[in-house]
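Data file: input03.tsv. Format and content: TSV, C-alpha atoms.
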```tsv
chain	number	residue	atom	x	y	z
E	14	MET	CA	-13.72	-18.70	-21.79
E	15	ALA	CA	-12.87	-18.61	-25.47
E	16	SER	CA	-9.69	-16.67	-24.69
E	17	ALA	CA	-8.46	-19.52	-22.51
E	18	ASP	CA	-9.20	-21.99	-25.27
E	19	ARG	CA	-7.22	-19.92	-27.79
E	20	ARG	CA	-4.23	-20.09	-25.47
E	21	GLY	CA	-4.46	-23.85	-25.62
E	22	ASN	CA	-5.32	-26.44	-23.00
E	23	ALA	CA	-2.90	-27.37	-20.23
E	24	THR	CA	-0.21	-29.78	-21.44
E	25	PRO	CA	1.09	-32.92	-19.68
E	26	GLU	CA	4.38	-31.12	-19.02
E	27	GLU	CA	2.56	-28.22	-17.35
E	28	LEU	CA	0.51	-30.71	-15.33
E	29	ALA	CA	3.70	-32.37	-14.09
E	30	ARG	CA	5.11	-28.98	-13.09
E	31	ALA	CA	1.89	-28.11	-11.25
E	32	GLN	CA	1.98	-31.42	-9.40
E	33	ARG	CA	5.55	-30.78	-8.24
E	34	ILE	CA	4.63	-27.32	-6.94
E	35	LEU	CA	1.49	-28.59	-5.19
E	36	LYS	CA	3.40	-31.45	-3.54
E	37	VAL	CA	5.98	-29.03	-2.16
E	38	ILE	CA	3.22	-26.78	-0.78
E	39	SER	CA	1.33	-29.72	0.77
E	40	ASP	CA	4.44	-31.25	2.33
E	41	SER	CA	5.53	-27.93	3.82
E	42	TYR	CA	1.99	-27.19	5.03
E	43	SER	CA	1.77	-30.59	6.74
E	44	THR	CA	4.91	-29.96	8.82
E	45	LYS	CA	2.85	-27.63	11.02
E	46	MET	CA	-0.77	-28.58	10.38
E	47	VAL	CA	-2.21	-31.82	11.78
E	48	GLY	CA	-5.07	-33.37	9.82
E	49	GLN	CA	-7.56	-30.85	8.38
E	50	ASP	CA	-6.99	-32.28	4.89
E	51	ARG	CA	-10.29	-30.88	3.69
E	52	LEU	CA	-9.29	-27.41	4.88
E	53	ARG	CA	-5.95	-27.71	3.09
E	54	SER	CA	-7.67	-28.70	-0.16
E	55	SER	CA	-10.15	-25.82	0.11
E	56	LEU	CA	-7.38	-23.30	0.73
E	57	LEU	CA	-5.39	-24.61	-2.23
E	58	ILE	CA	-8.45	-24.55	-4.50
E	59	SER	CA	-9.07	-20.91	-3.54
E	60	LEU	CA	-5.43	-20.01	-4.11
E	61	ILE	CA	-5.25	-21.76	-7.50
E	62	ALA	CA	-8.61	-20.38	-8.65
E	63	GLY	CA	-7.74	-16.87	-7.50
E	64	GLY	CA	-10.80	-16.60	-5.25
E	65	HIS	CA	-11.52	-15.93	-1.59
E	66	ILE	CA	-12.64	-18.36	1.10
E	67	LEU	CA	-14.88	-18.10	4.15
E	68	LEU	CA	-14.17	-20.47	7.04
E	69	GLU	CA	-16.77	-21.15	9.71
E	70	SER	CA	-16.14	-22.96	12.97
E	71	VAL	CA	-15.97	-22.54	16.70
E	72	PRO	CA	-12.75	-20.92	17.94
E	73	GLY	CA	-9.57	-22.93	18.39
E	74	LEU	CA	-9.54	-25.13	15.27
E	75	ALA	CA	-6.30	-23.74	13.76
E	76	LYS	CA	-7.86	-21.50	11.12
E	77	THR	CA	-5.31	-18.76	11.81
E	78	THR	CA	-2.45	-21.29	11.87
E	79	ALA	CA	-3.58	-22.72	8.53
E	80	ALA	CA	-3.68	-19.30	6.88
E	81	SER	CA	-0.30	-18.15	8.22
E	82	THR	CA	1.34	-21.49	7.40
E	83	LEU	CA	0.12	-21.32	3.80
E	84	ALA	CA	1.46	-17.75	3.52
E	85	ASP	CA	4.82	-18.81	4.95
E	86	THR	CA	5.00	-21.74	2.55
E	87	VAL	CA	4.40	-19.52	-0.46
E	88	LYS	CA	6.87	-16.76	0.49
E	89	ALA	CA	4.02	-14.28	0.49
E	90	SER	CA	3.12	-11.27	2.60
E	91	PHE	CA	0.57	-12.10	5.29
E	92	LYS	CA	-1.58	-9.78	7.41
E	93	ARG	CA	-4.08	-10.70	10.11
E	94	ILE	CA	-6.96	-8.37	10.92
E	95	GLN	CA	-8.88	-9.04	14.13
E	96	CYS	CA	-12.43	-7.86	13.48
E	97	THR	CA	-14.20	-6.11	16.36
E	98	PRO	CA	-17.33	-3.92	16.53
E	99	ASP	CA	-15.21	-0.75	16.72
E	100	LEU	CA	-13.02	-1.59	13.71
E	101	LEU	CA	-13.18	1.18	11.09
E	102	PRO	CA	-13.02	0.76	7.30
E	103	SER	CA	-9.81	2.82	7.22
E	104	ASP	CA	-8.26	0.32	9.66
E	105	ILE	CA	-8.50	-2.21	6.83
E	106	THR	CA	-7.92	-0.25	3.62
E	107	GLY	CA	-5.65	2.54	4.88
E	108	SER	CA	-5.87	6.30	5.24
E	109	GLN	CA	-4.15	9.62	4.59
E	110	ILE	CA	-1.99	11.01	7.36
E	111	TYR	CA	-0.99	14.65	7.67
E	112	ASP	CA	2.80	15.12	7.67
E	113	ALA	CA	3.56	18.29	9.64
E	114	ALA	CA	7.16	18.37	8.41
E	115	THR	CA	6.16	18.74	4.78
E	116	GLY	CA	2.68	20.21	5.23
E	117	THR	CA	1.18	17.52	3.01
E	118	PHE	CA	-0.85	14.36	3.37
E	119	ARG	CA	0.76	10.98	2.77
E	120	THR	CA	-1.04	7.71	2.15
E	121	VAL	CA	-0.57	4.87	4.61
E	122	LEU	CA	-1.78	1.59	3.13
E	123	GLY	CA	-3.81	-0.68	5.38
E	124	PRO	CA	-3.22	-4.36	6.12
E	125	VAL	CA	-5.44	-5.46	3.24
E	126	HIS	CA	-2.48	-4.69	0.96
E	127	ALA	CA	-0.92	-8.14	1.33
E	128	ASN	CA	-0.95	-11.39	-0.65
E	129	PHE	CA	-2.74	-13.27	2.12
E	130	VAL	CA	-5.22	-11.45	4.34
E	131	LEU	CA	-6.83	-13.20	7.29
E	132	LEU	CA	-10.02	-11.47	8.46
E	133	ASP	CA	-10.49	-13.12	11.82
E	134	GLU	CA	-14.09	-13.28	13.07
E	135	ILE	CA	-15.38	-11.12	10.23
E	136	ASN	CA	-18.94	-11.36	11.53
E	137	ARG	CA	-17.99	-9.48	14.70
E	138	SER	CA	-17.37	-6.28	12.74
E	139	SER	CA	-20.04	-3.80	11.73
E	140	ALA	CA	-21.76	-3.86	8.36
E	141	LYS	CA	-19.95	-0.65	7.38
E	142	THR	CA	-16.57	-2.25	8.00
E	143	GLN	CA	-17.57	-5.48	6.28
E	144	SER	CA	-18.54	-3.48	3.19
E	145	ALA	CA	-15.07	-1.90	3.12
E	146	MET	CA	-13.78	-5.26	1.89
E	147	LEU	CA	-16.15	-5.42	-1.08
E	148	GLU	CA	-14.07	-3.25	-3.41
E	149	ALA	CA	-10.87	-5.00	-2.38
E	150	MET	CA	-12.30	-8.50	-2.87
E	151	GLN	CA	-14.08	-7.79	-6.15
E	152	GLU	CA	-11.99	-5.08	-7.84
E	153	ARG	CA	-8.60	-6.04	-6.33
E	154	GLN	CA	-8.01	-2.41	-5.40
E	155	THR	CA	-8.70	0.16	-2.69
E	156	THR	CA	-9.54	3.84	-2.95
E	157	ILE	CA	-7.89	6.14	-0.39
E	158	GLY	CA	-8.36	9.90	-0.64
E	159	GLY	CA	-9.61	9.57	-4.19
E	160	GLU	CA	-6.54	7.62	-5.29
E	161	ILE	CA	-6.75	4.01	-6.48
E	162	HIS	CA	-4.20	1.57	-5.08
E	163	ALA	CA	-3.90	-1.85	-6.71
E	164	LEU	CA	-3.59	-4.90	-4.47
E	165	PRO	CA	-0.68	-7.32	-4.88
E	166	LYS	CA	-0.93	-10.48	-6.96
E	167	PRO	CA	-1.88	-13.08	-5.96
E	168	PHE	CA	-4.45	-11.74	-3.49
E	169	LEU	CA	-6.35	-14.14	-1.24
E	170	VAL	CA	-8.78	-13.22	1.53
E	171	ILE	CA	-9.28	-15.91	4.17
E	172	ALA	CA	-12.15	-14.83	6.41
E	173	THR	CA	-13.31	-16.68	9.50
E	174	GLN	CA	-16.61	-16.42	11.27
E	175	ASN	CA	-18.14	-17.91	14.37
E	176	PRO	CA	-21.53	-19.60	14.15
E	177	ILE	CA	-24.29	-17.01	14.00
E	178	GLU	CA	-25.88	-18.21	17.23
E	179	GLN	CA	-22.90	-16.99	19.28
E	180	GLU	CA	-23.39	-13.72	21.12
E	181	GLY	CA	-22.07	-10.53	19.54
E	182	THR	CA	-22.02	-11.66	15.92
E	183	TYR	CA	-23.61	-10.07	12.88
E	184	GLU	CA	-24.72	-12.01	9.82
E	185	LEU	CA	-22.77	-11.14	6.69
E	186	PRO	CA	-24.82	-9.37	4.00
E	187	GLU	CA	-25.68	-11.48	0.97
E	188	ALA	CA	-23.60	-9.28	-1.34
E	189	GLN	CA	-20.45	-9.98	0.66
E	190	MET	CA	-21.15	-13.69	1.12
E	191	ASP	CA	-21.49	-14.06	-2.64
E	192	ARG	CA	-17.98	-12.70	-3.18
E	193	PHE	CA	-16.41	-15.67	-1.45
E	194	LEU	CA	-15.53	-18.38	-3.93
E	195	LEU	CA	-15.97	-21.09	-1.28
E	196	LYS	CA	-17.30	-21.55	2.23
E	197	GLU	CA	-15.73	-24.29	4.32
E	198	ILE	CA	-17.01	-25.65	7.63
E	199	VAL	CA	-14.00	-26.58	9.78
E	200	GLU	CA	-14.61	-29.67	11.92
E	201	TYR	CA	-13.07	-30.82	15.19
E	202	PRO	CA	-9.96	-33.00	14.89
E	203	SER	CA	-10.19	-36.74	15.49
E	204	PRO	CA	-8.81	-38.13	18.79
E	205	ALA	CA	-5.70	-39.40	16.97
E	206	GLU	CA	-5.12	-35.99	15.39
E	207	GLU	CA	-5.61	-34.22	18.70
E	208	PHE	CA	-3.09	-36.58	20.30
E	209	GLU	CA	-0.60	-35.66	17.56
E	210	ILE	CA	-1.26	-31.96	18.18
E	211	LEU	CA	-0.26	-32.39	21.83
E	212	GLY	CA	2.94	-34.12	20.75
E	213	ARG	CA	3.81	-31.30	18.39
E	214	ILE	CA	3.15	-28.74	21.13
E	215	ASP	CA	5.74	-30.50	23.32
E	216	SER	CA	8.24	-30.70	20.46
E	217	GLY	CA	7.94	-26.98	19.73
E	218	VAL	CA	6.74	-27.45	16.14
E	219	LEU	CA	3.61	-25.38	16.83
E	220	ASN	CA	5.49	-22.56	18.56
E	221	PRO	CA	4.07	-19.27	17.18
E	222	ASP	CA	7.61	-17.96	16.65
E	223	ARG	CA	8.54	-20.97	14.53
E	224	HIS	CA	7.70	-20.35	10.89
E	225	VAL	CA	7.58	-22.75	7.97
E	226	PRO	CA	10.39	-21.85	5.56
E	227	GLY	CA	9.18	-20.36	2.30
E	228	VAL	CA	9.55	-22.89	-0.48
E	229	ILE	CA	7.34	-21.58	-3.29
E	230	SER	CA	7.61	-18.21	-5.03
E	231	LEU	CA	4.75	-15.95	-6.05
E	232	GLU	CA	5.70	-16.69	-9.66
E	233	ASP	CA	5.06	-20.38	-8.98
E	234	VAL	CA	1.58	-19.53	-7.69
E	235	GLN	CA	0.86	-17.44	-10.77
E	236	ASP	CA	2.01	-20.37	-12.91
E	237	LEU	CA	-0.46	-22.62	-11.07
E	238	GLN	CA	-3.26	-20.14	-11.70
E	239	ASP	CA	-2.37	-19.89	-15.38
E	240	ILE	CA	-2.25	-23.68	-15.83
E	241	ALA	CA	-5.56	-24.11	-13.98
E	242	SER	CA	-7.25	-21.52	-16.20
E	243	ARG	CA	-6.49	-23.81	-19.18
E	244	VAL	CA	-7.83	-27.04	-17.69
E	245	TYR	CA	-10.42	-28.33	-20.16
E	246	ILE	CA	-14.13	-28.27	-19.34
E	247	ASP	CA	-16.43	-30.05	-21.76
E	248	PRO	CA	-19.51	-28.11	-22.94
E	249	ALA	CA	-21.70	-30.83	-21.39
E	250	ILE	CA	-20.22	-30.07	-17.96
E	251	ARG	CA	-20.65	-26.33	-18.50
E	252	ASN	CA	-24.32	-27.00	-19.27
E	253	TYR	CA	-24.51	-29.15	-16.12
E	254	ILE	CA	-23.28	-26.18	-14.07
E	255	VAL	CA	-25.82	-23.84	-15.67
E	256	GLN	CA	-28.67	-26.30	-15.05
E	257	LEU	CA	-27.73	-26.67	-11.39
E	258	ALA	CA	-27.73	-22.89	-10.90
E	259	TYR	CA	-31.10	-22.65	-12.68
E	260	VAL	CA	-32.67	-25.25	-10.41
E	261	THR	CA	-31.61	-23.31	-7.28
E	262	ARG	CA	-33.66	-20.39	-8.62
E	263	ASN	CA	-36.62	-22.47	-9.86
E	264	PRO	CA	-36.64	-25.44	-7.49
E	265	ALA	CA	-40.32	-26.40	-7.27
E	266	PRO	CA	-40.57	-28.46	-10.51
E	267	TYR	CA	-37.41	-30.36	-9.59
E	268	ILE	CA	-37.48	-30.97	-5.83
E	269	GLY	CA	-41.19	-30.39	-5.14
E	270	GLU	CA	-43.14	-27.55	-3.54
E	271	GLU	CA	-42.66	-28.95	-0.03
E	272	ARG	CA	-38.86	-28.58	-0.16
E	273	ALA	CA	-38.77	-25.59	-2.53
E	274	ARG	CA	-40.55	-23.42	0.03
E	275	PHE	CA	-37.44	-23.57	2.21
E	276	ILE	CA	-35.34	-21.71	-0.38
E	277	LYS	CA	-35.39	-17.95	0.05
E	278	TYR	CA	-32.93	-17.07	-2.71
E	279	GLY	CA	-31.22	-19.17	-5.34
E	280	ALA	CA	-27.61	-18.89	-6.43
E	281	SER	CA	-26.41	-15.95	-8.51
E	282	PRO	CA	-24.30	-16.32	-11.68
E	283	ARG	CA	-21.26	-16.06	-9.40
E	284	ALA	CA	-22.06	-19.63	-8.35
E	285	SER	CA	-21.65	-20.84	-11.94
E	286	ILE	CA	-18.40	-18.92	-12.24
E	287	ALA	CA	-17.24	-20.41	-8.92
E	288	PHE	CA	-17.98	-23.94	-10.14
E	289	LEU	CA	-16.05	-23.20	-13.35
E	290	GLN	CA	-12.97	-21.85	-11.56
E	291	ALA	CA	-12.95	-24.19	-8.56
E	292	SER	CA	-13.53	-27.35	-10.63
E	293	ARG	CA	-10.49	-26.52	-12.74
E	294	ALA	CA	-8.42	-26.06	-9.58
E	295	LEU	CA	-9.72	-29.32	-8.12
E	296	ALA	CA	-8.94	-31.21	-11.33
E	297	LEU	CA	-5.39	-29.85	-11.20
E	298	LEU	CA	-5.09	-30.92	-7.56
E	299	ASN	CA	-6.17	-34.41	-8.62
E	300	GLY	CA	-3.59	-34.54	-11.42
E	301	ARG	CA	-5.92	-34.04	-14.38
E	302	THR	CA	-6.03	-31.58	-17.27
E	303	HIS	CA	-9.80	-31.95	-17.63
E	304	VAL	CA	-12.80	-31.53	-15.35
E	305	LEU	CA	-15.11	-34.45	-14.49
E	306	PRO	CA	-18.74	-34.26	-13.30
E	307	GLU	CA	-17.45	-35.71	-10.01
E	308	ASP	CA	-15.48	-32.50	-9.49
E	309	ILE	CA	-18.68	-30.47	-9.64
E	310	ARG	CA	-20.39	-32.80	-7.18
E	311	ALA	CA	-17.42	-32.69	-4.80
E	312	LEU	CA	-17.63	-28.88	-4.74
E	313	ARG	CA	-21.39	-28.59	-4.31
E	314	HIS	CA	-21.41	-27.69	-0.62
E	315	LEU	CA	-18.33	-25.46	-0.81
E	316	VAL	CA	-19.80	-23.40	-3.64
E	317	LEU	CA	-23.50	-23.33	-2.75
E	318	ARG	CA	-23.89	-23.48	1.03
E	319	HIS	CA	-23.48	-19.68	1.32
E	320	ARG	CA	-25.37	-18.90	-1.87
E	321	VAL	CA	-28.54	-20.97	-1.55
E	322	LEU	CA	-30.18	-19.02	1.26
E	323	LEU	CA	-32.93	-20.67	3.27
E	324	THR	CA	-35.98	-19.20	4.98
E	325	PHE	CA	-36.56	-18.76	8.71
E	326	GLU	CA	-39.01	-21.64	8.44
E	327	ALA	CA	-36.20	-23.94	7.30
E	328	ASP	CA	-34.07	-22.84	10.25
E	329	ALA	CA	-36.97	-23.48	12.64
E	330	GLU	CA	-37.40	-26.99	11.27
E	331	GLY	CA	-33.68	-27.76	11.40
E	332	ILE	CA	-33.27	-27.93	7.63
E	333	ARG	CA	-29.67	-27.34	6.55
E	334	SER	CA	-28.66	-25.86	3.21
E	335	GLU	CA	-26.52	-28.94	2.49
E	336	GLU	CA	-29.66	-31.11	2.51
E	337	ILE	CA	-31.39	-28.91	-0.06
E	338	ILE	CA	-28.24	-28.76	-2.19
E	339	ASP	CA	-28.03	-32.56	-2.22
E	340	GLN	CA	-31.64	-32.77	-3.38
E	341	ILE	CA	-30.98	-30.25	-6.16
E	342	PHE	CA	-28.02	-32.30	-7.39
E	343	ALA	CA	-30.08	-35.48	-7.26
E	344	SER	CA	-32.70	-33.85	-9.49
E	345	VAL	CA	-30.32	-32.84	-12.28
E	346	PRO	CA	-29.01	-35.62	-14.57
E	347	THR	CA	-25.24	-36.04	-14.46
E	348	PRO	CA	-23.62	-35.77	-17.91
```
Kindly present the structure from the file in structure tokens form.
Amino acid sequence: MASADRRGNATPEELARAQRILKVISDSYSTKMVGQDRLRSSLLISLIAGGHILLESVPGLAKTTAASTLADTVKASFKRIQCTPDLLPSDITGSQIYDAATGTFRTVLGPVHANFVLLDEINRSSAKTQSAMLEAMQERQTTIGGEIHALPKPFLVIATQNPIEQEGTYELPEAQMDRFLLKEIVEYPSPAEEFEILGRIDSGVLNPDRHVPGVISLEDVQDLQDIASRVYIDPAIRNYIVQLAYVTRNPAPYIGEERARFIKYGASPRASIAFLQASRALALLNGRTHVLPEDIRALRHLVLRHRVLLTFEADAEGIRSEEIIDQIFASVPTP
């Protein structure tokens, strides 16, 4: 991150500009979304950090509405891909079509070529189709007929999945899970929020044909990403991140053999990178130009729940990854 340091840390003026942009996004987002503040924060962190997000919940909790509303707010292109077992990789990335009039092939780009891409029920598609997203998510490009096509900037994949125990779902491979910056668990609304949802249904606010007016440009989003990349992180906090990742891979001396046996795989270096990027975004959301240890703790489940993989024994005993993550954090001194 030396290059970011040479560009200078974020200034108070830039922070004020970022806060104005974020307030406009949040206010516009809230005109259609009821509650789900945690989901809004997670989506904004992913957008600011330039990463992708995986949402898990039962159907009907407004994941699609949240994604499309954010895209509308930001004046960005939005595509929704409904994943099914018969979905082909070319249905996502695009393909070459023969043009009989000219006797040549022309490239038709797939729906992944958008600023916001919603992969609905990603774990209902085959492993081959899931892997088609790897190049797009990691390299920000697709290859069609030997030609490379760059994806637009910013590029955010919002994938949803149903709980694994539901019929007809396929667990995402570890390599793909690791490419998501965050994983959010979307909860049911409170009774008061659900009552408000019914009122908005009657008023027509939640009509699918009614879109939130675009209020933020793509240039504004790129400004947010640039400012976030220059939020200061003290070396002590960087070391804290590295130590946490190390403990996930060598847990026994820190959390004991009894709990360590539940961990199948620890977090990869992508977890450390995710903490670095997401903590900067969270600090910016909270109106700061520097990261605090509390930011790292607040992100622990979002960053690690899909990277600290547990054994079948843990599943049989009802041990959740969040419990193990909490124990890992408790074992590492906070700077």
One decimal, in Å: what's the spacing between atom CA of Val87 of chain E and atom CA of Glu197 of chain E?
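Atom CA of Val87 of chain E sits 21.2 Å away from atom CA of Glu197 of chain E.
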Could you list, as a PyMOL selection string, every residue within 9 Å of Tyr259 of chain E, counting only C-alpha atoms and ignoring same-chain residues fewer than 5 positions away?
chain E and resi 254+264+279-280
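Going from atom CA of Tyr111 of chain E over to atom CA of Thr155 of chain E, you cover 19.4 Å.
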Ref. answer, residues at most 12 Å from (2.4, -19.3, -6.1) with all atoms listed in the file, as number ranges by chain
E: 31, 34-35, 37-38, 57, 59-63, 83-90, 128-129, 166-169, 227-240
Of the listed residues E:Ile94, E:Leu211, E:Ser242, E:Gln151, that which approaches Phe193 of chain E most closely, counting all atoms listed in the file
E:Gln151
Quick one: what's the axis-aligned box for segment 335-348 of chain E, all listed atoms, 6 Å on every side, centre and edges in Å to one decimal, as JSON?
```
{"center_x": -28.2, "center_y": -32.4, "center_z": -7.7, "size_x": 21.1, "size_y": 19.3, "size_z": 32.4}
```
So which one's closest to Pro165 of chain E, E:Ser138, E:Lys92, E:Ala114, E:His126? Using only C-alpha atoms, please.
E:His126
As a list in words, please: the residues near Asp328 of chain E (cut-off 9 Å, only C-alpha atoms, same-chain neighbours under 5 positions excluded).
Phe275, Leu323 and Arg333 of chain E
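Considering all atoms listed in the file, the residue among E:Ile214, E:Ala149, E:Ala241, E:Leu74 positioned nearest to Asn175 of chain E is E:Leu74.
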Near-Ser70 of chain E list (9 Å; all atoms listed in the file; drop same-chain fewer than 5 positions) as JSON, numbers by chain:
{"E": [76, 173, 174, 175, 176, 197, 198, 199, 200, 201]}
Counting all atoms listed in the file, figure out which residue out of E:His319, E:Thr261, E:Gly107, E:Lys141 gets nearest to Arg192 of chain E.
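Using all atoms listed in the file, the shortest distance to Arg192 of chain E belongs to E:His319.
In terms of minimum interatomic distance to Arg93 of chain E, E:Val170 ranks closest within E:Ile110, E:Leu56, E:Met150, E:Val170, counting all atoms listed in the file.
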Distance criterion (only C-alpha atoms): nearest to Ala188 of chain E out of E:Leu322, E:Leu101, E:Leu147, E:Ile210:
E:Leu147
Work out how far atom CA of Met190 of chain E is from atom CA of Pro98 of chain E, in Å to one decimal.
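Distance reported for this atom pair: 18.6 Å.
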Residue contacts of Phe288 of chain E (8 Å, only C-alpha atoms) excluding same-chain residues fewer than 2 positions away, as a list in words
Ile254, Ala284, Ser285, Ile286, Gln290, Ala291, Ser292, Ile309, Leu312 and Val316 of chain E
Residue selection dump (C-alpha atoms) as a compact mmCIF listing (two decimals), in the frame of the given file:
```txt
# COMPACT_ATOMS: atom_id res chain seq x y z
CA ILE E 254 -23.28 -26.18 -14.07
CA ALA E 284 -22.06 -19.63 -8.35
CA SER E 285 -21.65 -20.84 -11.94
CA ILE E 286 -18.40 -18.92 -12.24
CA GLN E 290 -12.97 -21.85 -11.56
CA ALA E 291 -12.95 -24.19 -8.56
CA SER E 292 -13.53 -27.35 -10.63
CA ILE E 309 -18.68 -30.47 -9.64
CA LEU E 312 -17.63 -28.88 -4.74
CA VAL E 316 -19.80 -23.40 -3.64
```
